[in-house]
Amino acid sequence: MKLLFYAAKNYDKKSFDPVLVKYPEIEIDYIDHELEPMTAKIAVGYDAVCAFVSADVGAATLEVLHECGVKAVLMRCAGFNNVDTEKAKELGMVVKRVPGYSPESVAELAMGLALAVNRRLYKAYNKVRENDYTLKGLRGVNFFGKTAGIVGTGKIGAVMCRICRGFGMRVIAYDVYENPELKDFVEYVTLDELLAQSDLISLHCPLMDSTYHMINIESIKKMKDGVILVNTSRGALVDTKELIEGIRLNKFLGVGLDVYEEETGNVYEDRSDEIMEHSVTARLLAFPNVLITSHQGFYTMEALAAIAETTLDNMMDAKNGVRTGNDIA
């Protein structure tokens, strides 16, 4: 069984190769190229391809893969909004993902972003490096006693709820499906109630038609003044242009983003020598209360090991015709 691994980084090889010894039936070839219609042609002779959240797994790509004889697409991530699942079903292709690799890795980064923007840790670090020990611009607030609003209480959101509880926060949540494991300390409310009551809002929901741009200027105006917003889920949950409008209205104490709408061309690439003239990301970075990281929520040793094992399990299941909760097509 041959697997073509797209957009492979050194850390991918280091996490997959040790696990691969337990799967002697699988042979992996790693390539640097991202999966898109043009590069899909390389997959001739492979049983499956492995792609990440930044890949283009739309109808055109799937058509090419199908023509190449590829039977399965293995997403080494939880999100699949970049996959045309209906087209995959039409072509009879299996698509599997890794829904729960390490919820702690993402939730811990979410709280890290919240703490960093609250206490201006990035600014403090740079000030001290320049021998500036003044406290100007570094004042934050206590999280203890404040209200945390968690949007989405699946595996990652549930961990974030527990982290916030550990900080002594009141935890409220919004989700279409309430998590019974959290009922002893989480109060479920409507989205409008969450927006109005929360001092910290953390997004942990999938990107769907119903959640696209759920954070927009209207929802921002419903928030408290001085709120902290964190997004470690999907960039398009937030309307970036309207977020910028909200920042200019001084609505936010801080904004921490591990994902954002323009990330596809940026994620895991070095663009430090480029001038991004029309980039809304560059506009976001101009604000002193905004911190953006490079989609690194998954990037812990434990998460990478779990992603590798689940992905290879998915390939064996695809070969044997076994459907699990990891199937999206």
# chains A, B, ... in the order shown; residues from 1 in each chain; ligands from 1
>>> residues_around(residues="region 60-76 of chain A", least_positions_apart="3", cutoff="7 Å", atoms="only C-alpha atoms", output="VMD selection string")
chain A and resid 36 to 37 40 to 41 43 to 52 56 to 57 88 93 to 98 307 311 318
>>> residues_around(residues="Glu309 (chain A)", least_positions_apart="4", cutoff="7 Å", atoms="only C-alpha atoms", output="ChimeraX atom specification")
/A:19,305,313
>>> closest_residue(among="A:Ala8, A:Cys161, A:Leu243, A:Leu237", to="Val259 (chain A)", atoms="only C-alpha atoms")
A:Leu237
>>> atom_distance(atom1="CA of Val186 (chain A)", atom2="CA of Ser198 (chain A)")
13.1 Å
>>> select_by_dssp(residues="region 48-248 of chain A", states="strand (DSSP E)", output="VMD selection string")
chain A and resid 48 to 51 72 to 75 94 to 96 147 to 151 170 to 174 186 to 188 200 to 203 227 to 231
>>> write_last_selection(atoms="N, CA and C atoms", output="CSV table (one decimal), in the first residue's frame")
chain,number,residue,atom,x,y,z
A,48,ALA,N,-3.3,6.0,-1.8
A,48,ALA,CA,-3.9,7.1,-1.0
A,48,ALA,C,-2.9,8.3,-0.9
A,49,VAL,N,-3.5,9.5,-0.6
A,49,VAL,CA,-2.7,10.7,-0.4
A,49,VAL,C,-3.0,11.2,1.0
A,50,CYS,N,-2.0,11.9,1.6
A,50,CYS,CA,-2.2,12.5,2.9
A,50,CYS,C,-2.0,14.0,2.7
A,51,ALA,N,-3.0,14.7,3.3
A,51,ALA,CA,-3.0,16.2,3.1
A,51,ALA,C,-3.3,16.9,4.4
A,72,ALA,N,-8.2,6.8,-1.6
A,72,ALA,CA,-8.4,7.4,-0.3
A,72,ALA,C,-7.6,8.7,-0.1
A,73,VAL,N,-8.3,9.7,0.6
A,73,VAL,CA,-7.6,10.9,1.0
A,73,VAL,C,-7.6,10.9,2.5
A,74,LEU,N,-6.4,11.0,3.1
A,74,LEU,CA,-6.2,11.0,4.5
A,74,LEU,C,-5.8,12.4,5.0
A,75,MET,N,-6.7,13.1,5.7
A,75,MET,CA,-6.4,14.4,6.2
A,75,MET,C,-5.8,14.2,7.6
A,94,VAL,N,-12.8,7.5,-0.5
A,94,VAL,CA,-12.8,7.5,1.0
A,94,VAL,C,-12.0,8.7,1.4
A,95,VAL,N,-12.6,9.5,2.4
A,95,VAL,CA,-11.9,10.6,3.0
A,95,VAL,C,-12.0,10.4,4.5
A,96,LYS,N,-10.9,10.4,5.1
A,96,LYS,CA,-10.8,10.2,6.6
A,96,LYS,C,-10.0,11.4,7.2
A,147,THR,N,-15.7,35.8,33.6
A,147,THR,CA,-16.5,34.9,32.9
A,147,THR,C,-15.8,34.5,31.6
A,148,ALA,N,-15.7,33.2,31.4
A,148,ALA,CA,-15.1,32.6,30.1
A,148,ALA,C,-16.3,32.1,29.3
A,149,GLY,N,-16.4,32.5,28.1
A,149,GLY,CA,-17.4,32.0,27.2
A,149,GLY,C,-16.8,31.1,26.1
A,150,ILE,N,-17.2,29.8,26.1
A,150,ILE,CA,-16.6,28.8,25.2
A,150,ILE,C,-17.6,28.5,24.1
A,151,VAL,N,-17.3,28.8,22.9
A,151,VAL,CA,-18.2,28.5,21.8
A,151,VAL,C,-17.7,27.2,21.2
A,170,ARG,N,-15.8,31.7,36.0
A,170,ARG,CA,-17.2,31.2,35.8
A,170,ARG,C,-17.2,30.8,34.3
A,171,VAL,N,-17.7,29.6,34.0
A,171,VAL,CA,-17.6,29.1,32.6
A,171,VAL,C,-19.0,29.0,32.1
A,172,ILE,N,-19.3,29.7,30.9
A,172,ILE,CA,-20.5,29.6,30.2
A,172,ILE,C,-20.2,29.1,28.8
A,173,ALA,N,-21.1,28.5,28.1
A,173,ALA,CA,-20.8,27.9,26.8
A,173,ALA,C,-22.0,28.0,25.9
A,174,TYR,N,-21.7,27.9,24.6
A,174,TYR,CA,-22.8,27.8,23.6
A,174,TYR,C,-22.4,26.7,22.7
A,186,VAL,N,-20.4,23.9,33.9
A,186,VAL,CA,-20.6,24.8,32.8
A,186,VAL,C,-22.1,25.1,32.6
A,187,GLU,N,-22.4,26.4,32.4
A,187,GLU,CA,-23.8,26.8,32.2
A,187,GLU,C,-23.9,27.1,30.7
A,188,TYR,N,-24.8,26.4,30.0
A,188,TYR,CA,-25.1,26.6,28.6
A,188,TYR,C,-26.1,27.8,28.5
A,200,LEU,N,-13.8,36.6,28.4
A,200,LEU,CA,-12.9,35.9,27.5
A,200,LEU,C,-13.8,35.0,26.6
A,201,ILE,N,-13.7,35.2,25.3
A,201,ILE,CA,-14.4,34.3,24.4
A,201,ILE,C,-13.4,33.5,23.6
A,202,SER,N,-13.6,32.2,23.6
A,202,SER,CA,-12.7,31.3,22.9
A,202,SER,C,-13.5,30.4,22.0
A,203,LEU,N,-13.1,30.4,20.7
A,203,LEU,CA,-13.8,29.7,19.7
A,203,LEU,C,-13.3,28.3,19.4
A,227,VAL,N,-13.2,43.0,26.1
A,227,VAL,CA,-13.3,41.5,26.0
A,227,VAL,C,-12.0,41.0,25.3
A,228,ILE,N,-11.6,39.8,25.7
A,228,ILE,CA,-10.5,39.1,25.0
A,228,ILE,C,-11.1,38.0,24.1
A,229,LEU,N,-10.7,38.0,22.8
A,229,LEU,CA,-11.2,37.0,21.8
A,229,LEU,C,-10.0,36.1,21.4
A,230,VAL,N,-10.3,34.8,21.4
A,230,VAL,CA,-9.3,33.9,21.0
A,230,VAL,C,-9.9,32.9,20.0
A,231,ASN,N,-9.2,32.7,18.9
A,231,ASN,CA,-9.6,31.7,17.9
A,231,ASN,C,-8.5,30.7,17.5
>>> closest_residue(among="A:Lys222, A:Arg248, A:Arg283, A:His295", to="Asp192 (chain A)", atoms="only C-alpha atoms")
A:Lys222
>>> closest_residue(among="A:Arg271, A:Arg162, A:Lys251, A:Lys319", to="Pro103 (chain A)", atoms="only C-alpha atoms")
A:Arg162
>>> select_by_dssp(residues="region 63-113 of chain A", states="alpha helix (DSSP H)", output="short mmCIF file (atom, residue, chain, number, x, y, z; two decimals) with C-alpha atoms, in the first residue's frame")
data_model
loop_
_atom_site.label_atom_id
_atom_site.label_comp_id
_atom_site.auth_asym_id
_atom_site.auth_seq_id
_atom_site.Cartn_x
_atom_site.Cartn_y
_atom_site.Cartn_z
CA GLU A 63 -11.08 14.52 -10.09
CA VAL A 64 -7.36 14.33 -10.83
CA LEU A 65 -6.68 12.02 -7.90
CA HIS A 66 -9.49 9.75 -9.03
CA GLU A 67 -8.05 9.61 -12.54
CA THR A 85 -16.93 15.80 0.52
CA GLU A 86 -19.86 15.56 -1.87
CA LYS A 87 -17.51 15.25 -4.85
CA ALA A 88 -15.53 12.59 -3.01
CA LYS A 89 -18.71 10.58 -2.40
CA GLU A 90 -19.69 10.99 -6.05
CA LEU A 91 -16.32 9.58 -7.11
CA PRO A 103 -7.44 18.32 22.47
CA GLU A 104 -5.12 19.48 25.22
CA SER A 105 -2.56 20.77 22.73
CA VAL A 106 -5.03 23.18 21.11
CA ALA A 107 -6.82 24.20 24.29
CA GLU A 108 -3.55 24.92 26.11
CA LEU A 109 -2.44 27.15 23.24
CA ALA A 110 -5.80 28.94 23.37
CA MET A 111 -5.27 29.77 27.03
CA GLY A 112 -1.66 30.71 26.26
CA LEU A 113 -2.87 33.22 23.67
#
>>> closest_residue(among="A:Asn81, A:Met301, A:Met316, A:Ala7", to="Ala236 (chain A)", atoms="only C-alpha atoms")
A:Asn81
>>> atom_distance(atom1="CA of Ala158 (chain A)", atom2="CA of Thr190 (chain A)")
17.2 Å
>>> closest_residue(among="A:Pro18, A:Asp132, A:Glu27, A:Gly92", to="Gly321 (chain A)", atoms="only C-alpha atoms")
A:Gly92
>>> residues_around(residues="Leu249 (chain A)", least_positions_apart="2", cutoff="12 Å", atoms="only C-alpha atoms", output="number ranges by chain")
A: 217, 220-221, 223, 225-226, 242-247, 251-253
>>> write_last_selection(atoms="N, CA, C and O atoms", output="PDB file, in the first residue's frame")
ATOM      1  N   ILE A 217     -19.224  42.315  12.825  1.00  0.00           N
ATOM      2  CA  ILE A 217     -19.374  43.575  13.550  1.00  0.00           C
ATOM      3  C   ILE A 217     -20.622  43.583  14.419  1.00  0.00           C
ATOM      4  O   ILE A 217     -20.629  44.177  15.510  1.00  0.00           O
ATOM      5  N   ILE A 220     -19.779  41.483  17.450  1.00  0.00           N
ATOM      6  CA  ILE A 220     -18.768  42.198  18.230  1.00  0.00           C
ATOM      7  C   ILE A 220     -19.412  43.301  19.066  1.00  0.00           C
ATOM      8  O   ILE A 220     -19.057  43.524  20.240  1.00  0.00           O
ATOM      9  N   LYS A 221     -20.383  43.993  18.496  1.00  0.00           N
ATOM     10  CA  LYS A 221     -21.059  45.072  19.238  1.00  0.00           C
ATOM     11  C   LYS A 221     -21.849  44.543  20.427  1.00  0.00           C
ATOM     12  O   LYS A 221     -22.134  45.296  21.369  1.00  0.00           O
ATOM     13  N   MET A 223     -20.657  42.276  22.409  1.00  0.00           N
ATOM     14  CA  MET A 223     -19.681  41.879  23.425  1.00  0.00           C
ATOM     15  C   MET A 223     -19.448  43.000  24.435  1.00  0.00           C
ATOM     16  O   MET A 223     -19.713  44.172  24.171  1.00  0.00           O
ATOM     17  N   ASP A 225     -17.212  45.641  26.466  1.00  0.00           N
ATOM     18  CA  ASP A 225     -15.990  46.397  26.196  1.00  0.00           C
ATOM     19  C   ASP A 225     -14.848  45.759  26.975  1.00  0.00           C
ATOM     20  O   ASP A 225     -15.027  45.344  28.131  1.00  0.00           O
ATOM     21  N   GLY A 226     -13.686  45.671  26.351  1.00  0.00           N
ATOM     22  CA  GLY A 226     -12.537  45.075  27.028  1.00  0.00           C
ATOM     23  C   GLY A 226     -12.528  43.563  27.028  1.00  0.00           C
ATOM     24  O   GLY A 226     -11.847  42.939  27.843  1.00  0.00           O
ATOM     25  N   GLU A 242     -14.226  42.970   9.598  1.00  0.00           N
ATOM     26  CA  GLU A 242     -15.103  43.499  10.634  1.00  0.00           C
ATOM     27  C   GLU A 242     -14.468  43.364  12.017  1.00  0.00           C
ATOM     28  O   GLU A 242     -14.760  44.164  12.919  1.00  0.00           O
ATOM     29  N   LEU A 243     -13.581  42.381  12.186  1.00  0.00           N
ATOM     30  CA  LEU A 243     -12.794  42.313  13.420  1.00  0.00           C
ATOM     31  C   LEU A 243     -11.924  43.550  13.548  1.00  0.00           C
ATOM     32  O   LEU A 243     -11.817  44.154  14.630  1.00  0.00           O
ATOM     33  N   ILE A 244     -11.289  43.948  12.449  1.00  0.00           N
ATOM     34  CA  ILE A 244     -10.467  45.157  12.459  1.00  0.00           C
ATOM     35  C   ILE A 244     -11.312  46.377  12.827  1.00  0.00           C
ATOM     36  O   ILE A 244     -10.873  47.238  13.605  1.00  0.00           O
ATOM     37  N   GLU A 245     -12.516  46.422  12.311  1.00  0.00           N
ATOM     38  CA  GLU A 245     -13.415  47.526  12.668  1.00  0.00           C
ATOM     39  C   GLU A 245     -13.694  47.519  14.167  1.00  0.00           C
ATOM     40  O   GLU A 245     -13.701  48.572  14.826  1.00  0.00           O
ATOM     41  N   GLY A 246     -13.923  46.320  14.721  1.00  0.00           N
ATOM     42  CA  GLY A 246     -14.172  46.213  16.151  1.00  0.00           C
ATOM     43  C   GLY A 246     -12.968  46.614  16.992  1.00  0.00           C
ATOM     44  O   GLY A 246     -13.117  47.239  18.053  1.00  0.00           O
ATOM     45  N   ILE A 247     -11.776  46.262  16.533  1.00  0.00           N
ATOM     46  CA  ILE A 247     -10.554  46.666  17.252  1.00  0.00           C
ATOM     47  C   ILE A 247     -10.435  48.182  17.255  1.00  0.00           C
ATOM     48  O   ILE A 247     -10.093  48.802  18.270  1.00  0.00           O
ATOM     49  N   LYS A 251     -13.038  47.802  21.218  1.00  0.00           N
ATOM     50  CA  LYS A 251     -13.890  46.798  21.850  1.00  0.00           C
ATOM     51  C   LYS A 251     -13.083  45.753  22.598  1.00  0.00           C
ATOM     52  O   LYS A 251     -13.566  45.174  23.578  1.00  0.00           O
ATOM     53  N   PHE A 252     -11.855  45.520  22.179  1.00  0.00           N
ATOM     54  CA  PHE A 252     -11.092  44.382  22.699  1.00  0.00           C
ATOM     55  C   PHE A 252      -9.924  44.799  23.591  1.00  0.00           C
ATOM     56  O   PHE A 252      -9.157  45.703  23.238  1.00  0.00           O
ATOM     57  N   LEU A 253      -9.801  44.108  24.723  1.00  0.00           N
ATOM     58  CA  LEU A 253      -8.558  44.199  25.486  1.00  0.00           C
ATOM     59  C   LEU A 253      -7.452  43.502  24.705  1.00  0.00           C
ATOM     60  O   LEU A 253      -6.304  43.958  24.670  1.00  0.00           O
TER      61      LEU A 253
END
>>> atom_distance(atom1="CA of Leu20 (chain A)", atom2="CA of Glu302 (chain A)")
15.9 Å
>>> closest_residue(among="A:Glu181, A:Glu261, A:Asp317, A:Asp12", to="Tyr212 (chain A)", atoms="only C-alpha atoms")
A:Glu261
>>> residues_around(residues="region 141-146 of chain A", least_positions_apart="4", cutoff="7 Å", atoms="only C-alpha atoms", output="list of chain:residue names")
A:Asn118, A:Phe167, A:Gly168, A:Met169, A:Arg170, A:Asp199
